[in-house]
file coords22.cif (mmCIF, C-alpha atoms)
data_my_file
#
loop_
_atom_site.group_PDB
_atom_site.id
_atom_site.type_symbol
_atom_site.label_atom_id
_atom_site.label_comp_id
_atom_site.auth_asym_id
_atom_site.auth_seq_id
_atom_site.Cartn_x
_atom_site.Cartn_y
_atom_site.Cartn_z
ATOM 1 C CA MET L 227 0.000 0.000 0.000
ATOM 2 C CA TRP L 228 1.341 3.404 -0.990
ATOM 3 C CA LEU L 229 0.814 6.459 1.140
ATOM 4 C CA LEU L 230 0.733 9.743 -0.680
ATOM 5 C CA PRO L 231 2.046 12.806 1.121
ATOM 6 C CA VAL L 232 -0.546 15.369 2.058
ATOM 7 C CA LEU L 233 0.189 18.916 0.943
ATOM 8 C CA PHE L 234 -1.190 21.620 3.185
ATOM 9 C CA LEU L 235 -1.540 24.978 1.489
ATOM 10 C CA PRO L 236 -1.100 27.933 3.813
ATOM 11 C CA ILE L 237 -3.952 30.408 3.511
ATOM 12 C CA VAL L 238 -4.184 33.352 5.854
ATOM 13 C CA GLN L 239 -7.663 33.762 7.307
ATOM 14 C CA GLY L 240 -9.596 36.255 5.189
ATOM 15 C CA SER L 241 -6.979 36.422 2.397
ATOM 16 C CA TYR L 242 -7.057 35.021 -1.125
ATOM 17 C CA PRO L 243 -4.013 33.035 -2.272
ATOM 18 C CA LEU L 244 -3.903 34.723 -5.724
ATOM 19 C CA THR L 245 -3.675 38.436 -6.548
ATOM 20 C CA ALA L 246 -2.946 40.504 -9.643
ATOM 21 C CA VAL L 247 -0.276 43.185 -9.164
ATOM 22 C CA SER L 248 -2.635 45.491 -11.090
ATOM 23 C CA ASN L 249 -6.305 44.792 -11.794
ATOM 24 C CA ALA L 250 -6.285 47.152 -14.796
ATOM 25 C CA VAL L 251 -3.577 47.296 -17.466
ATOM 26 C CA SER L 252 -3.271 48.916 -20.874
ATOM 27 C CA GLY L 253 -1.010 48.851 -23.876
ATOM 28 C CA PRO L 254 -0.706 50.491 -27.288
ATOM 29 C CA VAL L 255 -2.041 49.079 -30.540
ATOM 30 C CA ARG L 256 0.590 46.755 -32.078
ATOM 31 C CA GLY L 257 2.522 46.975 -28.802
ATOM 32 C CA SER L 258 2.580 44.706 -25.791
ATOM 33 C CA LEU L 259 1.551 44.641 -22.156
ATOM 34 C CA THR L 260 2.578 42.580 -19.155
ATOM 35 C CA VAL L 261 0.486 41.354 -16.233
ATOM 36 C CA GLN L 262 1.962 39.905 -13.048
ATOM 37 C CA CYS L 263 -0.014 37.642 -10.757
ATOM 38 C CA ARG L 264 1.245 36.643 -7.294
ATOM 39 C CA TYR L 265 0.362 33.539 -5.351
ATOM 40 C CA GLU L 266 0.987 32.260 -1.835
ATOM 41 C CA PRO L 267 3.680 29.638 -1.116
ATOM 42 C CA GLY L 268 2.436 26.098 -1.689
ATOM 43 C CA TRP L 269 1.017 26.749 -5.171
ATOM 44 C CA GLU L 270 4.349 26.549 -7.053
ATOM 45 C CA THR L 271 3.747 23.283 -8.955
ATOM 46 C CA TYR L 272 0.137 23.978 -9.886
ATOM 47 C CA GLN L 273 -0.696 24.980 -13.458
ATOM 48 C CA LYS L 274 -1.270 28.699 -13.976
ATOM 49 C CA TRP L 275 -3.453 30.074 -16.767
ATOM 50 C CA TRP L 276 -4.616 33.260 -18.501
ATOM 51 C CA CYS L 277 -8.116 33.366 -19.913
ATOM 52 C CA ARG L 278 -10.506 35.801 -21.538
ATOM 53 C CA GLY L 279 -14.171 36.403 -20.765
ATOM 54 C CA ALA L 280 -16.480 38.211 -18.373
ATOM 55 C CA ASN L 281 -17.011 35.141 -16.159
ATOM 56 C CA TRP L 282 -13.834 33.277 -15.190
ATOM 57 C CA LYS L 283 -15.627 30.016 -14.531
ATOM 58 C CA ASN L 284 -16.321 29.647 -18.267
ATOM 59 C CA CYS L 285 -13.747 31.937 -19.853
ATOM 60 C CA ARG L 286 -11.574 30.775 -22.759
ATOM 61 C CA ILE L 287 -8.050 29.785 -21.633
ATOM 62 C CA LEU L 288 -5.487 31.387 -23.958
ATOM 63 C CA VAL L 289 -2.307 29.982 -22.423
ATOM 64 C CA LYS L 290 -1.402 27.663 -19.538
ATOM 65 C CA THR L 291 1.806 26.618 -17.770
ATOM 66 C CA ASN L 292 2.722 22.965 -17.368
ATOM 67 C CA GLY L 293 3.387 23.281 -13.620
ATOM 68 C CA SER L 294 7.059 24.144 -14.081
ATOM 69 C CA GLY L 295 8.874 27.431 -14.556
ATOM 70 C CA GLU L 296 9.052 26.979 -18.334
ATOM 71 C CA ARG L 297 7.577 29.654 -20.569
ATOM 72 C CA ALA L 298 4.431 28.615 -22.453
ATOM 73 C CA LYS L 299 3.284 30.392 -25.617
ATOM 74 C CA GLY L 300 -0.126 30.773 -27.170
ATOM 75 C CA ASN L 301 -1.293 32.972 -30.036
ATOM 76 C CA GLN L 302 0.239 36.409 -29.280
ATOM 77 C CA VAL L 303 0.336 35.607 -25.544
ATOM 78 C CA SER L 304 2.841 33.893 -23.267
ATOM 79 C CA ILE L 305 2.972 32.911 -19.600
ATOM 80 C CA GLN L 306 5.919 32.140 -17.351
ATOM 81 C CA ASP L 307 5.902 31.051 -13.736
ATOM 82 C CA ASN L 308 8.699 32.258 -11.437
ATOM 83 C CA GLN L 309 8.182 29.713 -8.678
ATOM 84 C CA LYS L 310 10.877 31.177 -6.402
ATOM 85 C CA MET L 311 9.195 34.600 -6.462
ATOM 86 C CA HIS L 312 5.648 33.110 -6.387
ATOM 87 C CA THR L 313 4.732 35.196 -9.430
ATOM 88 C CA PHE L 314 3.607 34.331 -12.918
ATOM 89 C CA THR L 315 3.874 36.814 -15.756
ATOM 90 C CA VAL L 316 1.587 37.052 -18.764
ATOM 91 C CA THR L 317 2.714 38.984 -21.850
ATOM 92 C CA MET L 318 0.284 39.955 -24.602
ATOM 93 C CA GLU L 319 1.944 41.025 -27.874
ATOM 94 C CA GLU L 320 0.849 42.660 -31.134
ATOM 95 C CA LEU L 321 -2.161 44.173 -29.367
ATOM 96 C CA ARG L 322 -5.285 44.899 -31.402
ATOM 97 C CA TRP L 323 -8.281 47.069 -30.535
ATOM 98 C CA ASN L 324 -10.452 43.996 -30.007
ATOM 99 C CA ASP L 325 -8.040 42.678 -27.343
ATOM 100 C CA ALA L 326 -9.683 45.081 -24.867
ATOM 101 C CA ASP L 327 -11.704 42.866 -22.523
ATOM 102 C CA THR L 328 -11.865 41.175 -19.136
ATOM 103 C CA TYR L 329 -9.145 38.593 -18.517
ATOM 104 C CA TRP L 330 -8.305 36.342 -15.580
ATOM 105 C CA CYS L 331 -5.132 35.110 -13.893
ATOM 106 C CA GLY L 332 -5.839 31.621 -12.659
ATOM 107 C CA ILE L 333 -4.470 28.585 -10.859
ATOM 108 C CA GLU L 334 -5.846 25.171 -11.745
ATOM 109 C CA LYS L 335 -6.751 23.026 -8.757
ATOM 110 C CA SER L 336 -9.194 20.265 -7.921
ATOM 111 C CA GLY L 337 -12.655 21.637 -7.365
ATOM 112 C CA THR L 338 -12.987 25.266 -8.360
ATOM 113 C CA ASP L 339 -9.911 26.984 -9.827
ATOM 114 C CA LEU L 340 -8.612 30.218 -8.325
ATOM 115 C CA GLY L 341 -9.156 33.296 -10.489
ATOM 116 C CA VAL L 342 -8.463 37.053 -10.322
ATOM 117 C CA LYS L 343 -9.957 39.585 -12.747
ATOM 118 C CA VAL L 344 -7.743 41.902 -14.846
ATOM 119 C CA LYS L 345 -9.258 44.569 -17.109
ATOM 120 C CA VAL L 346 -7.266 45.107 -20.324
ATOM 121 C CA THR L 347 -7.672 48.311 -22.341
ATOM 122 C CA ILE L 348 -5.958 49.477 -25.509
ATOM 123 C CA ASP L 349 -4.495 52.984 -25.482
ATOM 124 C CA PRO L 350 -5.478 55.520 -28.150
ATOM 125 C CA VAL L 351 -2.764 56.185 -30.720
ATOM 126 C CA THR L 352 -1.780 59.753 -31.661
ATOM 127 C CA MET L 353 0.372 60.598 -34.672
ATOM 128 C CA GLN L 354 1.638 64.032 -35.673
ATOM 129 C CA CYS L 355 2.314 65.327 -39.161
ATOM 130 C CA HIS L 356 4.262 68.568 -39.702
ATOM 131 C CA TYR L 357 3.921 70.744 -42.804
ATOM 132 C CA SER L 358 5.227 74.053 -44.158
ATOM 133 C CA PRO L 359 3.146 77.262 -43.938
ATOM 134 C CA GLU L 360 2.477 77.211 -47.705
ATOM 135 C CA TRP L 361 0.393 74.031 -47.229
ATOM 136 C CA GLU L 362 -1.895 75.672 -44.637
ATOM 137 C CA THR L 363 -4.827 76.208 -47.042
ATOM 138 C CA TYR L 364 -4.757 72.639 -48.366
ATOM 139 C CA VAL L 365 -6.968 69.812 -47.151
ATOM 140 C CA ARG L 366 -5.288 67.518 -44.622
ATOM 141 C CA SER L 367 -6.239 63.857 -44.669
ATOM 142 C CA TRP L 368 -5.217 60.558 -43.176
ATOM 143 C CA CYS L 369 -5.065 57.317 -45.061
ATOM 144 C CA PRO L 370 -3.955 54.086 -43.316
ATOM 145 C CA ASP L 371 -2.199 52.655 -46.390
ATOM 146 C CA ALA L 372 1.284 53.070 -47.851
ATOM 147 C CA ASP L 373 -0.038 53.270 -51.450
ATOM 148 C CA LEU L 374 -1.718 56.667 -51.789
ATOM 149 C CA SER L 375 -3.165 55.849 -55.222
ATOM 150 C CA SER L 376 -5.379 53.066 -53.833
ATOM 151 C CA CYS L 377 -5.895 54.342 -50.317
ATOM 152 C CA THR L 378 -9.295 55.038 -48.772
ATOM 153 C CA ILE L 379 -9.184 58.329 -46.869
ATOM 154 C CA VAL L 380 -10.434 57.800 -43.339
ATOM 155 C CA VAL L 381 -10.777 61.458 -42.343
ATOM 156 C CA GLN L 382 -9.873 64.851 -43.791
ATOM 157 C CA THR L 383 -10.307 68.493 -42.919
ATOM 158 C CA ALA L 384 -9.456 71.972 -44.100
ATOM 159 C CA GLY L 385 -10.498 73.473 -40.764
ATOM 160 C CA SER L 386 -8.863 73.301 -37.370
ATOM 161 C CA GLU L 387 -10.485 70.096 -36.085
ATOM 162 C CA LEU L 388 -12.648 67.249 -37.317
ATOM 163 C CA LYS L 389 -13.767 64.005 -35.747
ATOM 164 C CA LYS L 390 -15.092 61.170 -37.869
ATOM 165 C CA ASN L 391 -15.803 57.665 -36.645
ATOM 166 C CA LEU L 392 -12.840 56.781 -34.427
ATOM 167 C CA VAL L 393 -10.259 59.234 -35.833
ATOM 168 C CA SER L 394 -9.787 62.942 -35.181
ATOM 169 C CA ILE L 395 -7.556 65.560 -36.807
ATOM 170 C CA ASN L 396 -6.469 68.662 -34.915
ATOM 171 C CA GLN L 397 -4.488 71.399 -36.672
ATOM 172 C CA LYS L 398 -2.198 73.786 -34.761
ATOM 173 C CA MET L 399 1.053 75.535 -35.657
ATOM 174 C CA HIS L 400 1.614 73.748 -39.009
ATOM 175 C CA THR L 401 1.088 70.370 -37.382
ATOM 176 C CA PHE L 402 -1.915 68.158 -37.458
ATOM 177 C CA SER L 403 -2.460 65.295 -35.064
ATOM 178 C CA MET L 404 -4.554 62.199 -35.608
ATOM 179 C CA THR L 405 -5.876 60.278 -32.661
ATOM 180 C CA ILE L 406 -7.281 56.801 -33.189
ATOM 181 C CA TRP L 407 -9.224 55.243 -30.334
ATOM 182 C CA GLY L 408 -10.722 52.126 -31.889
ATOM 183 C CA GLU L 409 -11.333 50.204 -35.104
#
call {"tool": "encode", "arguments": {"input": "coords22.cif", "output": "structure tokens"}}
result
Amino acid sequence: MWLLPVLFLPIVQGSYPLTAVSNAVSGPVRGSLTVQCRYEPGWETYQKWWCRGANWKNCRILVKTNGSGERAKGNQVSIQDNQKMHTFTVTMEELRWNDADTYWCGIEKSGTDLGVKVKVTIDPVTMQCHYSPEWETYVRSWCPDADLSSCTIVVQTAGSELKKNLVSINQKMHTFSMTIWGE
């Protein structure tokens, strides 16, 4: 007959063994963001995961560790567990506007997994274009394509400011700025 060792997990009365360093993070479009989740000692060898969805009990797991400190990669997301520091780090790369959502740091265990909510937002992008004074009376426009001959103009203005859909142009001192805050 084999006896299996019993593992007692220390949990301080009234505390939760998993926390996110920040419950709200943001990153730029096409950039990356990092989320750190801390756990209490005793959870080192458990699988850690990162999932997406409003309810963590049925959210879609995007990446999961294998219970070791090895880095695991998913589609534009990775997770690595630093077992000595009791922290796992999630990195989301090549961010898109539709990546903004509710995500969860989690630890897989028998029964109900542990989960902590993290709100991910995507930062607006602002670009500036400078021009000479002789171009002041011309129409300014923004086109998100390298080939101007086949480009669809998203927004244009001859005045000082215009907002259209999710792009705005603001003209001041021979510079116009475009701010994009969604797709």
call {"tool": "residues_around", "arguments": {"input": "coords22.cif", "residues": "Lys274 (chain L)", "least_positions_apart": "3", "cutoff": "6 Å", "atoms": "all atoms listed in the file", "output": "VMD selection string"}}
result
chain L and resid 290 to 291 332 to 333
call {"tool": "axis_aligned_box", "arguments": {"input": "coords22.cif", "around": "region 260-263 of chain L", "padding_each_side": "5 Å", "output": "JSON"}}
result
{"center_x": 1.3, "center_y": 40.1, "center_z": -15.0, "size_x": 12.6, "size_y": 14.9, "size_z": 18.4}
call {"tool": "closest_residue", "arguments": {"input": "coords22.cif", "among": "L:Val346, L:Tyr364, L:Trp276, L:Val247", "to": "Arg322 (chain L)", "atoms": "all atoms listed in the file"}}
result
L:Val346
call {"tool": "residues_near_point", "arguments": {"input": "coords22.cif", "point": "(-6.3, 33.4, -9.0)", "cutoff": "12 Å", "atoms": "only C-alpha atoms", "output": "number ranges by chain"}}
result
L: 241-247, 249, 262-266, 269, 272-277, 282-283, 313-314, 329-335, 338-344
call {"tool": "closest_residue", "arguments": {"input": "coords22.cif", "among": "L:Ser336, L:Ser358, L:Thr260, L:Ser248", "to": "Gln306 (chain L)", "atoms": "all atoms listed in the file"}}
result
L:Thr260
call {"tool": "resolve_selection", "arguments": {"input": "coords22.cif", "expression": "the PyMOL selection byres ((chain L and resi 353) around 10)", "output": "PyMOL selection string"}}
result
chain L and resi 351-352+354-355+395+402-406
call {"tool": "resolve_selection", "arguments": {"input": "coords22.cif", "expression": "the PyMOL selection byres ((chain L and resi 310) around 10)", "output": "PDB file with C-alpha atoms, in the frame of the given file"}}
result
ATOM      1  CA  PRO L 267       3.680  29.638  -1.116  1.00  0.00           C
ATOM      2  CA  GLU L 270       4.349  26.549  -7.053  1.00  0.00           C
ATOM      3  CA  GLY L 295       8.874  27.431 -14.556  1.00  0.00           C
ATOM      4  CA  ASP L 307       5.902  31.051 -13.736  1.00  0.00           C
ATOM      5  CA  ASN L 308       8.699  32.258 -11.437  1.00  0.00           C
ATOM      6  CA  GLN L 309       8.182  29.713  -8.678  1.00  0.00           C
ATOM      7  CA  MET L 311       9.195  34.600  -6.462  1.00  0.00           C
ATOM      8  CA  HIS L 312       5.648  33.110  -6.387  1.00  0.00           C
ATOM      9  CA  THR L 313       4.732  35.196  -9.430  1.00  0.00           C
TER      10      THR L 313
END
call {"tool": "atom_distance", "arguments": {"input": "coords22.cif", "atom1": "CA of Leu259 (chain L)", "atom2": "CA of Thr328 (chain L)"}}
result
14.2 Å
call {"tool": "resolve_selection", "arguments": {"input": "coords22.cif", "expression": "the PyMOL selection byres ((chain L and resi 325) around 8)", "output": "PyMOL selection string"}}
result
chain L and resi 321-324+326-327+346-348
call {"tool": "closest_residue", "arguments": {"input": "coords22.cif", "among": "L:Ile287, L:Ala250, L:Cys369, L:Val316", "to": "Ser304 (chain L)", "atoms": "all atoms listed in the file"}}
result
L:Val316
call {"tool": "atom_distance", "arguments": {"input": "coords22.cif", "atom1": "CA of Leu288 (chain L)", "atom2": "CA of Val261 (chain L)"}}
result
14.0 Å
call {"tool": "atom_distance", "arguments": {"input": "coords22.cif", "atom1": "CA of Glu320 (chain L)", "atom2": "CA of Arg286 (chain L)"}}
result
19.1 Å
call {"tool": "build_atoms", "arguments": {"input": "coords22.cif", "residues": "region 300-316 of chain L", "atoms": "N, CA, C and O atoms", "output": "JSON list (two decimals), in the frame of the given file"}}
result
[["chain", "number", "residue", "atom", "x", "y", "z"],
["L", 300, "GLY", "N", 1.12, 30.95, -26.43],
["L", 300, "GLY", "CA", -0.13, 30.77, -27.17],
["L", 300, "GLY", "C", -0.07, 31.71, -28.36],
["L", 300, "GLY", "O", 1.01, 32.17, -28.75],
["L", 301, "ASN", "N", -1.22, 32.05, -28.91],
["L", 301, "ASN", "CA", -1.29, 32.97, -30.04],
["L", 301, "ASN", "C", -1.18, 34.41, -29.52],
["L", 301, "ASN", "O", -2.12, 34.92, -28.95],
["L", 302, "GLN", "N", -0.05, 35.04, -29.70],
["L", 302, "GLN", "CA", 0.24, 36.41, -29.28],
["L", 302, "GLN", "C", 0.19, 36.61, -27.76],
["L", 302, "GLN", "O", 0.03, 37.72, -27.27],
["L", 303, "VAL", "N", 0.32, 35.51, -27.00],
["L", 303, "VAL", "CA", 0.34, 35.61, -25.54],
["L", 303, "VAL", "C", 1.27, 34.53, -25.00],
["L", 303, "VAL", "O", 1.37, 33.45, -25.56],
["L", 304, "SER", "N", 1.98, 34.88, -23.92],
["L", 304, "SER", "CA", 2.84, 33.89, -23.27],
["L", 304, "SER", "C", 2.68, 34.01, -21.76],
["L", 304, "SER", "O", 2.21, 35.03, -21.25],
["L", 305, "ILE", "N", 3.07, 32.95, -21.06],
["L", 305, "ILE", "CA", 2.97, 32.91, -19.60],
["L", 305, "ILE", "C", 4.22, 32.21, -19.07],
["L", 305, "ILE", "O", 4.69, 31.25, -19.66],
["L", 306, "GLN", "N", 4.76, 32.77, -17.99],
["L", 306, "GLN", "CA", 5.92, 32.14, -17.35],
["L", 306, "GLN", "C", 5.77, 32.25, -15.85],
["L", 306, "GLN", "O", 5.43, 33.30, -15.31],
["L", 307, "ASP", "N", 6.05, 31.14, -15.18],
["L", 307, "ASP", "CA", 5.90, 31.05, -13.74],
["L", 307, "ASP", "C", 7.27, 31.13, -13.08],
["L", 307, "ASP", "O", 8.13, 30.30, -13.32],
["L", 308, "ASN", "N", 7.48, 32.15, -12.24],
["L", 308, "ASN", "CA", 8.70, 32.26, -11.44],
["L", 308, "ASN", "C", 8.35, 31.69, -10.06],
["L", 308, "ASN", "O", 7.84, 32.40, -9.19],
["L", 309, "GLN", "N", 8.61, 30.41, -9.89],
["L", 309, "GLN", "CA", 8.18, 29.71, -8.68],
["L", 309, "GLN", "C", 8.91, 30.19, -7.43],
["L", 309, "GLN", "O", 8.34, 30.15, -6.34],
["L", 310, "LYS", "N", 10.14, 30.66, -7.57],
["L", 310, "LYS", "CA", 10.88, 31.18, -6.40],
["L", 310, "LYS", "C", 10.27, 32.49, -5.90],
["L", 310, "LYS", "O", 10.25, 32.75, -4.70],
["L", 311, "MET", "N", 9.79, 33.31, -6.84],
["L", 311, "MET", "CA", 9.20, 34.60, -6.46],
["L", 311, "MET", "C", 7.68, 34.51, -6.28],
["L", 311, "MET", "O", 7.04, 35.51, -5.96],
["L", 312, "HIS", "N", 7.09, 33.33, -6.51],
["L", 312, "HIS", "CA", 5.65, 33.11, -6.39],
["L", 312, "HIS", "C", 4.85, 34.09, -7.26],
["L", 312, "HIS", "O", 3.85, 34.66, -6.83],
["L", 313, "THR", "N", 5.34, 34.26, -8.48],
["L", 313, "THR", "CA", 4.73, 35.20, -9.43],
["L", 313, "THR", "C", 4.71, 34.56, -10.80],
["L", 313, "THR", "O", 5.69, 33.97, -11.24],
["L", 314, "PHE", "N", 3.59, 34.70, -11.50],
["L", 314, "PHE", "CA", 3.61, 34.33, -12.92],
["L", 314, "PHE", "C", 3.29, 35.57, -13.73],
["L", 314, "PHE", "O", 2.54, 36.44, -13.32],
["L", 315, "THR", "N", 3.95, 35.64, -14.90],
["L", 315, "THR", "CA", 3.87, 36.81, -15.76],
["L", 315, "THR", "C", 3.24, 36.44, -17.09],
["L", 315, "THR", "O", 3.64, 35.47, -17.72],
["L", 316, "VAL", "N", 2.25, 37.22, -17.48],
["L", 316, "VAL", "CA", 1.59, 37.05, -18.76],
["L", 316, "VAL", "C", 1.99, 38.23, -19.64],
["L", 316, "VAL", "O", 1.95, 39.38, -19.21]]
